[in-house]
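S.K.: Below are the C-alpha cells for one structure; questions will follow.
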4 protein chains.
Amino acid sequence: MGTRGPLFRWDEVDESFSDRARLQAMLDFEGALARAEAAAGVIPPSAARVISGRCSAELFDAGAIADAAARAGNLAIPLVRELSALVARDDPEAARFVHYGATSQDAIDTGLVLQLRPALQRIDEELERLGDVLADMAGTHRSTVVAGRTWLQQAVPTSFGLKVAGWLDAVDRHRQRLVEQLAQPTIPWHTHRDRLAEVATALGLCTGTLGKIARDISLHLQTEVAEVSEPAGEGRGGSSTMPHKRNPVGAATVLAAATRVSGLVGTMLSAMVQEQERGLGGWQAEWEVLPELVGLAGGAVRHLTQMVAGLDVDVEKMRANLEVTHGLVFAEAVQLALRQKGGAGDAHGLVERSCERARAEGRHLREVLAADPEVGKRLPAAELASLFDPQLYLRAAAELIDRVLAARAGRGATPRAGRG
Amino acid sequence: MGTRGPLFRWDEVDESFSDRARLQAMLDFEGALARAEAAAGVIPPSAARVISGRCSAELFDAGAIADAAARAGNLAIPLVRELSALVARDDPEAARFVHYGATSQDAIDTGLVLQLRPALQRIDEELERLGDVLADMAGTHRSTVVAGRTWLQQAVPTSFGLKVAGWLDAVDRHRQRLVEQLAQPTIPWHTHRDRLAEVATALGLCTGTLGKIARDISLHLQTEVAEVSEPAGEGRGGSSTMPHKRNPVGAATVLAAATRVSGLVGTMLSAMVQEQERGLGGWQAEWEVLPELVGLAGGAVRHLTQMVAGLDVDVEKMRANLEVTHGLVFAEAVQLALRQKGGAGDAHGLVERSCERARAEGRHLREVLAADPEVGKRLPAAELASLFDPQLYLRAAAELIDRVLAARAGRGATPRAGRG
Amino acid sequence: MGTRGPLFRWDEVDESFSDRARLQAMLDFEGALARAEAAAGVIPPSAARVISGRCSAELFDAGAIADAAARAGNLAIPLVRELSALVARDDPEAARFVHYGATSQDAIDTGLVLQLRPALQRIDEELERLGDVLADMAGTHRSTVVAGRTWLQQAVPTSFGLKVAGWLDAVDRHRQRLVEQLAQPTIPWHTHRDRLAEVATALGLCTGTLGKIARDISLHLQTEVAEVSEPAGEGRGGSSTMPHKRNPVGAATVLAAATRVSGLVGTMLSAMVQEQERGLGGWQAEWEVLPELVGLAGGAVRHLTQMVAGLDVDVEKMRANLEVTHGLVFAEAVQLALRQKGGAGDAHGLVERSCERARAEGRHLREVLAADPEVGKRLPAAELASLFDPQLYLRAAAELIDRVLAARAGRGATPRAGRG
Amino acid sequence: MGTRGPLFRWDEVDESFSDRARLQAMLDFEGALARAEAAAGVIPPSAARVISGRCSAELFDAGAIADAAARAGNLAIPLVRELSALVARDDPEAARFVHYGATSQDAIDTGLVLQLRPALQRIDEELERLGDVLADMAGTHRSTVVAGRTWLQQAVPTSFGLKVAGWLDAVDRHRQRLVEQLAQPTIPWHTHRDRLAEVATALGLCTGTLGKIARDISLHLQTEVAEVSEPAGEGRGGSSTMPHKRNPVGAATVLAAATRVSGLVGTMLSAMVQEQERGLGGWQAEWEVLPELVGLAGGAVRHLTQMVAGLDVDVEKMRANLEVTHGLVFAEAVQLALRQKGGAGDAHGLVERSCERARAEGRHLREVLAADPEVGKRLPAAELASLFDPQLYLRAAAELIDRVLAARAGRGATPRAGRG
C-alpha cells in the first residue's frame, strides 16, 4: 500500500522506475556491452549472442538480487553473478564474457540514464497536457478582471487570463529545461555527477513552479475569496467528519511535492563531492533521491493538471471581490493621473490620505476624492470617474497573453539547439 | 548599508556577533587560558597577568586581522600573532606564553560559545516578550468566535483565543529548547559538532513556529478576510506606487526567515561529517552559517513581536465571516447529533447531500435541513436550530487556554532539569 | 526488491513503519478513542466494544485502502469507511460511533506517534550496542598511539582510544536526545509540528555523528594508511571486476545516510509553516519524510555497528605511520619546550625553519634540530631526544577516556529529567 | 573585518554585489525607465533628462536608505523617495515622473539582473583561468601513472592526466551552463522565479564540481599519500601551534563553499512558491541568498585556481604508491586475461583467492599467481609478467584527454545556441 506515497502515485503513470524496469535497464546495458565488445573483436560474437539473449528481467528473481545487494553494496554485483550463472547454464564459454571489463557503476549509471530518458519524456507529456489546459484558460479569460494581489492584499485589477498566461509561460520553460538534459558524455564520468544533479535541478525548478500555481489556486479557492471552485468528485476531497468540506487535495499534493524537492535537490548537490574514481557515500546517496524527484515532479504535474482541468472559474465573484475595498484598488490609477496633471503637491501623499479617510469613514474612494478640492482642481469629475474602470488595467494584457500563446505555438515539439 | 540584511537587523538588538564581539570572545579565551595555565603552574603568573591585560579588542586592528585571516585560513592565527606582538612590546618573556599549548580551533570554538550564550539569552528575552503579548491576546479572546480553517477552507467555528494559545504554547516550548543548549563538554570536541548543530536545530525549529504564526496572521489580514489589521505606521508597509497599500512587512520578514533557516540547518548537519581531529571544509562551513541562523531567528522573533503587539483584532468581522457559508460550518455538528440520535441511514451522507443542495440553491443549510423529513424525524426543529450556535464550539476552549496560561505561569524563569 | 533502499534495510530490524504497522497504529487510535468516549459517556459502551474488536489490521485490505487514499487525500478517510463497514456488518448501531468527533489528522498523527515510539526505542537499542563496541575499543586502545590528523595532514600523536572515546561520547549524547522526544501535549497540536520536527532533528544529528565516525574509519582504511581493516566477508564488499577489492560497504552506507538526512531535516523544518488549523502541503510533506529519516538513522547505526564490531586495528601500522614524517609530528612538542626555556628569538619560527630543512633534505627533524646551535643552547641533547616520544601525548588521554566510560556507566538506562 | 566571510572574499575580485553597486543597479533601472517612458511619450523628455542625470549612487546616503528600508520592507521605497527629492531640488515638475508607473519589485528585480550579469561574467573568467591551468596539467601528465582509487581503496592504475581532464571537462560544462542564464523575459515575471532559481542551481552545480576537485586534491595531499604538495606560502596554511603544518587552506575553503551551496540552492527552490502577483516571504528570502551563492561560487573557483596553479605533482610518489599493494592493483588485468584464455573454472574466484593469499603471506601477487598451476596452464610466465605493467592502463587515456582538449579548443568563447 505504501506508507510511502499515498499521494503521488506517479508509478501508476510511468513505470520507468519500477523494480523490473531498474533490472531491465541494467540488463540492457549488459546486452549492449556484449554486442559492442563482439563488434570490436574483444569477445566472441557467439558469446555476445547468448548473453544478449538472457538479458531479460523476467528471467531473474528480483527479491533475491535485492537481498544480495544489501550485502554486496550494490545491485550490479548480484545481477552480474546471476546473469553469469544463467548464461553458463547454456554456454559456459560465453559466461566468461558477461560484464567483460565493466565495473558495477558502469551498469548502474547507464541503467539509470536508460530509466531517466523515458521518465523525463513522460513528464514532458504531462507538462504539455497542463500547458494545453492553461492555454485554453488564458485565452478564455483574456478579458476577465480579477484583483491582482500583492503581499496577500488586493493591489490593482488585472486580467485573470494574464495570470494564467504567466503560469503557462513558466511551464513551457520547464519543458525546455527538461528536454535539454542527458547529453552524451565524451569521457567517463563516474564521479562527475553534474549532469545527473542538473536533471535533479530541472525537476526541482519545475516542481517549484507547479507549487506556485497550486498555491495561487488554493488562495483563489478560499471560502472568503471563492473565485474558483473544484467540483465535488466521487471520493475526492471529502472530510472524514465535516460533510460540507471540499478539500483541495490536488493543491495539497502539489505543495507537498514542492516542499520536498528543495531538500532532495540539495542532497544531489551535496552528493556531487565524490571522491577520486568512485565516490564513498555520495554516489549511494543518489540512488533513492533521483527516483524520488522524478516521482514528486511527475506526480505533481499530474495532480495539478487534473485539478486545473476541473476548475470552475467564477467571473462574477472575481468582479465582486474588486468591490470589497470600496475603490481603493484604483488608488494607483488616480495617483498616476494626478502626477500626469501636475500642479502643487505630492500626488502619492494626497491619494494616500484620501485612502485613509475612505477606510476610516467607510466611504468609497471615488466619493472621498470627488469631495477633495485639491483633486478637483486637477481632475474633472468625469475624468476622475473614468479612472475607476478595471478595463483600463487590461490594455496590455491581451498583447502579453498573445505573446505567450504565440511562443508556444511557434515552439512546437522542436527541442532547442545547443544541448542535444 | 547591507545588500545583506535590509530586513532582519538583529544586530541592532544584539551585538554578540559583531566583528568586535568576535575578536573579544577569542581574546577572552586567550586571557582565561593564560590565567588557568598560570594557576596550574604551566606558565609564569606574571606572564598571565600581562597577557590578560592585553586581551581587549580595542587594542587590535580588526580589518588587518581579517585580511590576514583570509590567507591564514582562520582568524586565530593573525590574532595570536598580533596579541603576541602586543605583549612582547611590554614583556618579551610573557610573549612566549601567549596561546601556549592551544590550537586555533580552541580559540575560535570557545570564542563562538562565548558569543552564543548571550545571543541565545537575548533571543529568549524576545521570545518572552512575544509570549507576554500572546498570553494577553489569548486571554482577551478566550470567547471570540472565529472560523477554524483547514486546507484553506472554513471548517468549523473555534475560539480565536485558543488559536493564539496554540501559538503561545509552541513559543514556550522553544524557550525551553534554547535554554537547554551549550552544556559543558567533558572531553575535547573539535570534530564532534552535535552540540553546535543542535543549537542550529533549536533556532531552526523556533523560526519554523514563528513562520507558522506569521503565515496565519497574513491569512487573517487578507483583504477579503480582514479579521485582523495592522495600523498604518510611519514609513512602514507602504507601497512605492499604490497609495492604499498596507503591506505586512513583518509577516514577510518572518516568512523569509522561515524559508531560509531550513537550508542553513541542513548545512550545519551536513557539516557534522568532519574528518579526524580537525575537519576540512565542514568546520569552515559553520563560520557564517551559525551567526546567520542567530540573526534570522532573532530578527524573526523581534519582527513578529512588533507585528503581533500592533494587531487590531476585528471580532465582528470574525463573526461575520462565519456567515459566509450560509451555515455549512455547522454541518459537522448536525452530523454528530444525527449519529447520536441513530435511526436509519448514513448521517454523514445525509448532511453531505444537504450541503450540496444548500450550495447549489444558495440557501442556508439550516433551512435545507429543516425541510428534510429524514432530518425532521430525528431532530426536532428547536434542537436543529440550536446546533447552529458557534458558542457550542467554545466549550473546551477556555479550559485548554487556561492550561497553556497555567503552564506558562508555573514555569517561570526556571530552566528544565537535565541539560543544564 | 526496492529500487528504494538496496542499502539501508532498516525495515528488516524494525517493522514500526511497515504498511501493516501504519494501519494498526491508526486502528489503535480508533479503538482507544471509542473506549475513551464510552468511558466519558459520549458513546455507548457496547459500541466501543464492537469497534475496539474490529481494530485489527489483518481485517483490512491495505492495497484497496491505499488506492482510495490517493483520491481521498489521506489514509484515514478510506480506513474509517472500511472500519465503519466492518463494524456495521455485526452491529449497525455501533457503526454510527466509529471515529466519532475525530478528524482524519487525529487518527494519522496519533498513529504516527504510536509508530515513532517503538522505532526510536529500537534505534536507541542499536546505539547502545554501538556504544558497547566503542567502549570496549576505547578501553583496549587507551595507550595505542596514532597520528592525530588535522586538515588531512598528520599533526601530533594522540591516543586511538581517546579518538574512539570521542565517538562514544557523541553517540551517548544522541541517545539522550532521542529519549527526550515525544512528550505528551497539553492542547491540540495539528499545525504545531515542532515536536515532530524535533524528532527529525534528533535523528539528523545522530546520523551526522555516525557519518563522522564512518568517514574517520574510511580514512583509516585507505590503502596507504591501512591502520584498520575489515575482514573479507562472504559476499560483502567485493567488486564486480576487481578480485582484490574490499570495499567498505558499511562506511559508504552510513555516509550516504548522512548525506541524505540534512535535506530531509530541512524539509521537516520547511513543512512547519502550516496554515491555520490544518496545513495545506506542509502536513502531507511529512508523511514520507519522517519514516525515511527513521530508516536512514536506523540503517546507519546498524551498518556502523556491524562495521565497527568487525574492525581489525593494526597497532603496529599506526606506530609506523607516525614515522612517515621523519619526526615532524613532534615539532609542536619541541616548540613548546623551547618556549618554556625562553631565550632569544621566536621558537615557532625556529622550529618551522628546521621543519623546512628536514623536509628539503630528507632528514629527521631530530637530527636537524640537534645540529642547530640555537636549539642546543636551550635544549640539551637528551632533553631534545626525549621530546620525540609519542607517549608524551598520551598523558591526558587515559583520564579523558575514563571520564567518558564513567559517564556512560553512571548514566545507565535512566532518561534525563525534564522532558519526560 | 567580517565575522562574515574571512574565507571567501569574492568581493575583492568582483564588486557587482557591493552596496554601491546594488544602489547603482536600481538607479540604472530608474534612469532607463524614465528614458523609455519619454521615448514612448508617457513622460516629458525634459523630466527624463533630469531624472537620468541624478541616477548616480554617489549622490545617495546608502546607510540612511538601508535604515529606512528596514521599516519600509525594501530598498526601492526609500531610494525612490530620495531620488524624487533630489530631482525636485532642481526640477519639481520632473520629480513627479520618477519611478512613474513602476513598482518596487520592478526596480529591485531589474537591478538584481543588472548585478548578476557582470558577476556571472567574472565567474566565467575565473573558470576559464582554472580551465587553462587544468588543460596544461592534463597535457603534461598524459602518461603519468597514478593509482585509480575507488571507495578510498586503490583499484587499478590510471593516468593522472586523464583524472585532470575529467575535472577540466566538468569545469567547461559549468561555463556553458552559466553562459546560458538570464534570457530576456517576454512577459512580467514578478512571482515566476524559475530563471533566478536556475542561476542559483547553475552556481550550485558549479560549486559541487569545485568541491569534488578540492576533495580529490586534499586526498592526494595527505601525509601518507603525498602525491601532490603545496609550496609553503607566506602566511598561508600555517598552524598557530604546529610549526611543521601546511594546511590546505584553499581546499578547505572550496569544500566549505560546496557544503554551503546545497542548502542555499534549496532555499531558492523553496522560495519559488510565491503568492499571486507578489510573494510574501519567498521574494524576500532571495535577497541575501543569491548574492551569497555568487560569493561562494566565485570565491571557490578563485581559491581552487590559486591552489591548483601552485601544486607540485610528485610523479615518483605516484608510481611508488602503486607498489604499496604488492601487485594487487593488477588483479583485474590478470582476471580479464584469464577470462580471455578460457579453460576450467572461475577466473574471478581464482584471482580473488590469490589476492587473499598474497595479502596473508605478504607476498607479491605476481609471485603467488606464478606459483599457481591453474594459472600457469593458461598464462605463460612471460605473459603473466607483462600484465603487471601500469602502462597498459594508459592506452585509452591519451585519446580521452585529447577529446577533452579538442572540445575545449573548438568551443572557444562561443555561447551555445538555444538559450541566448
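Simple scheme: letters A, B, ... for chains in C-alpha cells order, numbers from 1 for residues in each chain, numbers from 1 for ligands in the order shown.
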Using only C-alpha atoms, which protein or nucleic acid residues come within 7 Å of Arg260 (chain D)? Drop anything in the same chain fewer than 3 positions from it, and give the result as a list in words.

M.R.: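 Contacts, in chain order: Thr267 and Ala285 of chain B; Ala256, Ala257, Gly263 and Leu264 of chain D.
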
S.K.: Could you write out the selected residues, including N, CA, C and O atoms, as a PDB file, in the first residue's frame?

M.R.:
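Generated file (result07.pdb):
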ATOM      1  N   THR B 267      22.710  22.663   6.342  1.00  0.00           N
ATOM      2  CA  THR B 267      24.157  22.842   6.179  1.00  0.00           C
ATOM      3  C   THR B 267      24.910  22.476   7.450  1.00  0.00           C
ATOM      4  O   THR B 267      25.958  21.816   7.400  1.00  0.00           O
ATOM      5  N   ALA B 285      32.586  25.706   7.107  1.00  0.00           N
ATOM      6  CA  ALA B 285      31.223  25.992   6.636  1.00  0.00           C
ATOM      7  C   ALA B 285      30.350  26.567   7.745  1.00  0.00           C
ATOM      8  O   ALA B 285      29.417  27.320   7.499  1.00  0.00           O
TER       9      ALA B 285
ATOM     10  N   ALA D 256      34.217  24.091   2.062  1.00  0.00           N
ATOM     11  CA  ALA D 256      33.227  24.819   2.857  1.00  0.00           C
ATOM     12  C   ALA D 256      32.161  25.425   1.947  1.00  0.00           C
ATOM     13  O   ALA D 256      30.962  25.375   2.245  1.00  0.00           O
ATOM     14  N   ALA D 257      32.607  25.983   0.822  1.00  0.00           N
ATOM     15  CA  ALA D 257      31.636  26.544  -0.125  1.00  0.00           C
ATOM     16  C   ALA D 257      30.704  25.451  -0.647  1.00  0.00           C
ATOM     17  O   ALA D 257      29.486  25.633  -0.721  1.00  0.00           O
ATOM     18  N   GLY D 263      22.308  23.900   0.610  1.00  0.00           N
ATOM     19  CA  GLY D 263      21.196  24.457   1.376  1.00  0.00           C
ATOM     20  C   GLY D 263      20.671  25.754   0.768  1.00  0.00           C
ATOM     21  O   GLY D 263      19.463  26.005   0.760  1.00  0.00           O
ATOM     22  N   LEU D 264      21.576  26.556   0.242  1.00  0.00           N
ATOM     23  CA  LEU D 264      21.158  27.849  -0.329  1.00  0.00           C
ATOM     24  C   LEU D 264      20.379  27.641  -1.629  1.00  0.00           C
ATOM     25  O   LEU D 264      19.393  28.344  -1.891  1.00  0.00           O
TER      26      LEU D 264
END

S.K.: At most 6 Å is the cut-off: for each residue in chain D with any atom that close to an atom of chain A, write down the nearest atom pair and the distance in Å rounded to one decimal, counting only C-alpha atoms, chain first then increasing number, as JSON lines.

M.R.:
{"residue": "D:Arg96", "atom": "CA", "partner": "A:Arg339", "partner_atom": "CA", "distance": 5.5}
{"residue": "D:Arg149", "atom": "CA", "partner": "A:Glu277", "partner_atom": "CA", "distance": 5.4}
{"residue": "D:Thr150", "atom": "CA", "partner": "A:Arg278", "partner_atom": "CA", "distance": 4.4}
{"residue": "D:Trp151", "atom": "CA", "partner": "A:Leu280", "partner_atom": "CA", "distance": 5.1}
{"residue": "D:Gly208", "atom": "CA", "partner": "A:Met272", "partner_atom": "CA", "distance": 5.4}
{"residue": "D:Gly211", "atom": "CA", "partner": "A:Val273", "partner_atom": "CA", "distance": 5.5}
{"residue": "D:Lys212", "atom": "CA", "partner": "A:Val273", "partner_atom": "CA", "distance": 4.1}
{"residue": "D:Asp216", "atom": "CA", "partner": "A:Gln276", "partner_atom": "CA", "distance": 5.4}
{"residue": "D:Ser262", "atom": "CA", "partner": "A:Gly266", "partner_atom": "CA", "distance": 4.4}
{"residue": "D:Gly263", "atom": "CA", "partner": "A:Gly266", "partner_atom": "CA", "distance": 5.8}
{"residue": "D:Gly266", "atom": "CA", "partner": "A:Ser262", "partner_atom": "CA", "distance": 4.4}
{"residue": "D:Leu269", "atom": "CA", "partner": "A:Ser262", "partner_atom": "CA", "distance": 5.5}
{"residue": "D:Ser270", "atom": "CA", "partner": "A:Ser262", "partner_atom": "CA", "distance": 5.9}
{"residue": "D:Met272", "atom": "CA", "partner": "A:Gly208", "partner_atom": "CA", "distance": 5.4}
{"residue": "D:Val273", "atom": "CA", "partner": "A:Lys212", "partner_atom": "CA", "distance": 4.1}
{"residue": "D:Gln274", "atom": "CA", "partner": "A:Lys212", "partner_atom": "CA", "distance": 5.7}
{"residue": "D:Glu275", "atom": "CA", "partner": "A:Asp216", "partner_atom": "CA", "distance": 5.9}
{"residue": "D:Gln276", "atom": "CA", "partner": "A:Asp216", "partner_atom": "CA", "distance": 5.4}
{"residue": "D:Glu277", "atom": "CA", "partner": "A:Thr150", "partner_atom": "CA", "distance": 5.2}
{"residue": "D:Arg278", "atom": "CA", "partner": "A:Thr150", "partner_atom": "CA", "distance": 4.4}
{"residue": "D:Leu280", "atom": "CA", "partner": "A:Trp151", "partner_atom": "CA", "distance": 5.1}
{"residue": "D:Arg339", "atom": "CA", "partner": "A:Arg96", "partner_atom": "CA", "distance": 5.6}
{"residue": "D:Arg416", "atom": "CA", "partner": "A:Gly418", "partner_atom": "CA", "distance": 5.3}
{"residue": "D:Ala417", "atom": "CA", "partner": "A:Gly418", "partner_atom": "CA", "distance": 4.8}
{"residue": "D:Gly418", "atom": "CA", "partner": "A:Ala417", "partner_atom": "CA", "distance": 4.9}

S.K.: So that I can check the surroundings of His244 (chain B), please list as a ChimeraX atom specification every protein, DNA and RNA residue that reaches within 10 Å of it, counting only C-alpha atoms and ignoring chain neighbours fewer than 2 positions away.

M.R.: /A:154-155,325,327-332,348,351-356,358-359,365 /B:238-239,241-242,246-247

S.K.: For region 6-29 of chain A against region 290-312 of chain A, with a cut-off of 7 Å and counting only C-alpha atoms, what is the closest atom pair and its distance in Å to one decimal for every residue that makes the cut, ordered by chain and number, as a Markdown table?

M.R.:
| residue | atom | partner | partner_atom | distance |
| --- | --- | --- | --- | --- |
| A:Phe8 | CA | A:Gly299 | CA | 4.7 |
| A:Arg9 | CA | A:Gly299 | CA | 6.3 |
| A:Trp10 | CA | A:Gly299 | CA | 4.7 |
| A:Phe17 | CA | A:Pro291 | CA | 6.6 |

S.K.: Using DSSP on the backbone coordinates, identify the residues of region 113-193 of chain A assigned to strand (DSSP E or B); present them as a ChimeraX atom specification.

M.R.: /A:145-150,153-159

S.K.: Which residues are close to region 24-29 of chain D, i.e. within 10 Å by only C-alpha atoms, leaving aside same-chain residues fewer than 3 positions away? Reply as a ChimeraX atom specification.

M.R.: /D:16-21,32-35,51-52,54-58,60,75-76,79-80,83,99,104,106-115

S.K.: What does the distance between CA of Val334 (chain C) and CA of Arg395 (chain C) come to in Å, to one decimal place?

M.R.: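 Calculated distance between CA of Val334 (chain C) and CA of Arg395 (chain C) is 16.6 Å.
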
S.K.: Can you tell me which residues surround Glu224 (chain D) at a distance of at most 8 Å, considering only C-alpha atoms, apart from same-chain residues fewer than 2 positions away, and format the answer as an mmCIF file with C-alpha atoms, in the first residue's frame?

M.R.:
data_model
loop_
_atom_site.group_PDB
_atom_site.id
_atom_site.type_symbol
_atom_site.label_atom_id
_atom_site.label_comp_id
_atom_site.auth_asym_id
_atom_site.auth_seq_id
_atom_site.Cartn_x
_atom_site.Cartn_y
_atom_site.Cartn_z
ATOM 1 C CA GLU C 224 48.162 3.872 2.001
ATOM 2 C CA VAL C 225 47.108 4.348 5.621
ATOM 3 C CA ASN C 321 52.737 5.804 10.101
ATOM 4 C CA VAL C 324 56.417 8.827 7.831
ATOM 5 C CA GLN D 222 47.526 13.501 2.685
ATOM 6 C CA ALA D 226 51.813 12.810 -0.677
#

S.K.: I'd like the contact shell of Asp132 (chain B) - 12 Å cut-off, only C-alpha atoms, skipping same-chain residues fewer than 2 positions apart - returned as a PyMOL selection string.

M.R.: chain B and resi 125-130+134-139+164-165+167-169+171-172+305+308-309+405+408-409

S.K.: If you measure from CA of Ser159 (chain A) to CA of Gly41 (chain D), what distance in Å do you get, rounded to one decimal?

M.R.: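 According to the coordinates, CA of Ser159 (chain A) and CA of Gly41 (chain D) are separated by 24.7 Å.
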
S.K.: Could you please write out, as a ChimeraX atom specification, every residue of region 296-355 of chain D that DSSP assigns to helix (DSSP H, G or I)?

M.R.: /D:296-309,315-321,328-341,347-355

S.K.: Using Å and a single decimal, report how far CA of Glu288 (chain C) sits from CA of Arg22 (chain C).

M.R.: 11.9 Å
